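A.B. asks: Just dropping this structure here.
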Amino acid sequence: MPTLTVTQADLIAACVRGEHRAQRQLYEQLAGLMLTVCRRYLKRREDAEEALLLGFAKMFRALPTYRFEGSFEGWVRRIMVNEALMQLRQHEKMVVSFEEFPQPENLATTAATADTQLQAEDLLTLLATLPAGYRAVFNLYALEGYGHQEIAELLGISEGTSKSQLSKARAMLQRRVNFSAISTN
C-alpha cells in the first residue's frame with residue numbers, strides 16, 4: 001500500500017482547521033529545534049520550555065496569517081525568538097554595566113586550536129554563562145542573523161550598545177573557550 005505524503009502546506013492547512021493530529025505532528029517536527037533556539041536565550045531549561053510552549057501557542061493562533069512567503073521554519077523561529085526574549089526580560093536582568101567586565105582590547109587571548117571542539121550542550125552551557133544582555137545580542141546577531149539596527153529595536157537599546165555587547169560577548173566566549181581548552185589538556 002503506498003504511503004501518503006503530506007506536504008507542509010497541507011499540514012499547515014490542517015492545523016488552521018483545528019485538526020489536533022496535524023497540530024501534534026507539526027509540534028513534534030519543530031519542537032526539538034525550537035527548544036534549542038529558546039535555550040540559547042534562557043539559562044534555565046524550565047524557562048526555555050515555557051517559552052517554547054507559549055511560542056507554539058502564539059504560532060498556532062497566528063497560523064492563519066502565515067502567507068507562505070519565505071521559510072516556514074524561519075517564521076516559527078522568529079516567534080520563538082520573540083517569546084524567548086520576553087521570558088528573558090521577565091526572568092533575568094538585561095542591563096549590564098560595561099565596567100563589570102574587562103574591555104576586549106585588554107583581554108589576553110590565545111588562538112583556538114583545531115582540536116578544540118565543543119559539543120552542542122557545551123556551547124549552550126557557555127552561552128548561559130554570559131550576562132543576559134550579552135547573550136541576547138550574541139544570539140540575535142551571530143546565530144539568528146539579525147543586524148544591529150534590528151537588535152537595537154528588539155531590545156530597546158542603541159545600535160552602539162548592540163555592537164559593544166556583541167564585541168564583549170565574543171571576547172568573553174573566546175576567553176572561556178581558551179580557558180576550557182587549557183584546563184582539559
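As shown in the C-alpha cells, the chain order sets the letters A, B, ...; within each chain, residues go from 1, and ligands are also counted from 1 in the order they appear.
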Need to verify the contact set: Leu124 in chain A, 12 Å, only C-alpha atoms, exclusion of same-chain residues closer than 4 positions in sequence. Can you return it as number ranges by chain?

C.D. replies: A: 35-45, 48, 118-120, 128-130, 135, 139, 173

A.B. asks: Env of range 8-18 of chain A: 10 Å cut, atoms = only C-alpha atoms, seq-sep filter 5 positions within chain, self excluded. Answer as a compact mmCIF listing (two decimals) with all heavy atoms, in the first residue's frame.

C.D. replies:
```txt
# COMPACT_ATOMS: atom_id res chain seq x y z
N GLN A 23 -1.73 19.30 14.38
CA GLN A 23 -1.05 20.20 15.30
C GLN A 23 0.05 19.46 16.07
O GLN A 23 1.15 19.96 16.24
CB GLN A 23 -2.05 20.84 16.27
CG GLN A 23 -2.98 21.82 15.58
CD GLN A 23 -4.13 22.27 16.47
OE1 GLN A 23 -4.49 21.61 17.45
NE2 GLN A 23 -4.75 23.39 16.10
N ARG A 24 -0.27 18.27 16.50
CA ARG A 24 0.72 17.45 17.22
C ARG A 24 1.90 17.11 16.30
O ARG A 24 3.06 17.18 16.71
CB ARG A 24 0.07 16.17 17.76
CG ARG A 24 1.07 15.28 18.45
CD ARG A 24 0.42 14.06 19.09
NE ARG A 24 1.18 13.68 20.24
CZ ARG A 24 1.00 14.14 21.48
NH1 ARG A 24 0.06 15.00 21.72
NH2 ARG A 24 1.76 13.73 22.47
N GLN A 25 1.59 16.76 15.05
CA GLN A 25 2.65 16.41 14.10
C GLN A 25 3.56 17.62 13.84
O GLN A 25 4.79 17.48 13.84
CB GLN A 25 2.04 15.92 12.79
CG GLN A 25 3.08 15.45 11.79
CD GLN A 25 2.45 14.91 10.51
OE1 GLN A 25 1.24 14.70 10.43
NE2 GLN A 25 3.28 14.67 9.51
N LEU A 26 2.98 18.79 13.67
CA LEU A 26 3.77 19.99 13.44
C LEU A 26 4.62 20.32 14.66
O LEU A 26 5.81 20.65 14.55
CB LEU A 26 2.86 21.17 13.08
CG LEU A 26 3.55 22.44 12.61
CD1 LEU A 26 4.39 22.19 11.37
CD2 LEU A 26 2.51 23.52 12.33
N PHE A 60 0.33 28.81 16.74
CA PHE A 60 -0.92 28.22 16.28
C PHE A 60 -2.02 29.27 16.11
O PHE A 60 -2.81 29.19 15.18
CB PHE A 60 -1.38 27.09 17.22
CG PHE A 60 -0.62 25.81 17.02
CD1 PHE A 60 0.09 25.22 18.07
CD2 PHE A 60 -0.61 25.16 15.79
CE1 PHE A 60 0.80 24.04 17.88
CE2 PHE A 60 0.09 23.98 15.58
CZ PHE A 60 0.80 23.42 16.64
N ARG A 61 -2.03 30.28 17.01
CA ARG A 61 -3.01 31.36 16.86
C ARG A 61 -2.74 32.20 15.60
O ARG A 61 -3.66 32.67 14.94
CB ARG A 61 -3.03 32.26 18.09
CG ARG A 61 -3.79 31.68 19.26
CD ARG A 61 -4.07 32.71 20.35
NE ARG A 61 -2.88 33.36 20.86
CZ ARG A 61 -2.12 32.92 21.86
NH1 ARG A 61 -2.43 31.79 22.47
NH2 ARG A 61 -1.05 33.58 22.26
N ALA A 62 -1.46 32.39 15.28
CA ALA A 62 -1.08 33.23 14.15
C ALA A 62 -1.02 32.46 12.83
O ALA A 62 -0.90 33.07 11.76
CB ALA A 62 0.28 33.87 14.42
N LEU A 63 -1.13 31.15 12.88
CA LEU A 63 -1.00 30.32 11.69
C LEU A 63 -1.90 30.76 10.53
O LEU A 63 -1.46 30.75 9.37
CB LEU A 63 -1.24 28.86 12.05
CG LEU A 63 -0.52 27.80 11.25
CD1 LEU A 63 0.96 28.09 11.09
CD2 LEU A 63 -0.71 26.44 11.88
N PRO A 64 -3.15 31.17 10.79
CA PRO A 64 -3.98 31.62 9.65
C PRO A 64 -3.40 32.84 8.92
O PRO A 64 -3.76 33.09 7.76
CB PRO A 64 -5.32 31.98 10.31
CG PRO A 64 -5.36 31.16 11.56
CD PRO A 64 -3.92 31.09 12.02
N THR A 65 -2.50 33.57 9.56
CA THR A 65 -1.92 34.75 8.91
C THR A 65 -0.63 34.42 8.16
O THR A 65 -0.09 35.30 7.48
CB THR A 65 -1.61 35.86 9.94
OG1 THR A 65 -0.57 35.41 10.82
CG2 THR A 65 -2.85 36.21 10.75
N TYR A 66 -0.12 33.20 8.28
CA TYR A 66 1.10 32.83 7.58
C TYR A 66 0.83 32.87 6.07
O TYR A 66 -0.12 32.29 5.58
CB TYR A 66 1.59 31.44 8.01
CG TYR A 66 2.81 30.98 7.26
CD1 TYR A 66 4.03 31.66 7.41
CD2 TYR A 66 2.77 29.90 6.41
CE1 TYR A 66 5.16 31.25 6.72
CE2 TYR A 66 3.89 29.48 5.72
CZ TYR A 66 5.08 30.17 5.86
OH TYR A 66 6.19 29.77 5.18
N PHE A 68 2.97 31.94 3.50
CA PHE A 68 3.78 31.03 2.69
C PHE A 68 4.83 31.79 1.89
O PHE A 68 5.18 31.41 0.78
CB PHE A 68 2.89 30.18 1.76
CG PHE A 68 1.99 29.24 2.52
CD1 PHE A 68 0.71 29.65 2.89
CD2 PHE A 68 2.43 27.99 2.89
CE1 PHE A 68 -0.12 28.80 3.61
CE2 PHE A 68 1.61 27.14 3.61
CZ PHE A 68 0.33 27.55 3.96
N PHE A 72 8.95 28.59 6.37
CA PHE A 72 8.03 28.42 7.49
C PHE A 72 8.81 28.26 8.79
O PHE A 72 8.46 28.85 9.81
CB PHE A 72 7.12 27.20 7.27
CG PHE A 72 6.19 26.95 8.41
CD1 PHE A 72 5.14 27.82 8.68
CD2 PHE A 72 6.35 25.84 9.24
CE1 PHE A 72 4.27 27.60 9.74
CE2 PHE A 72 5.49 25.62 10.30
CZ PHE A 72 4.45 26.49 10.55
```

A.B. asks: Could you tell me how far CA of Val137 in chain A sits from CA of Gln165 in chain A, in Å to one decimal place?

C.D. replies: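 If I compute the distance from CA of Gln165 in chain A to CA of Val137 in chain A, I get 6.6 Å.
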
A.B. asks: So, counting only C-alpha atoms, which residue among A:Gly70, A:His91, A:Gln29, A:Arg77 is closest to Glu46 in chain A?

C.D. replies: A:His91
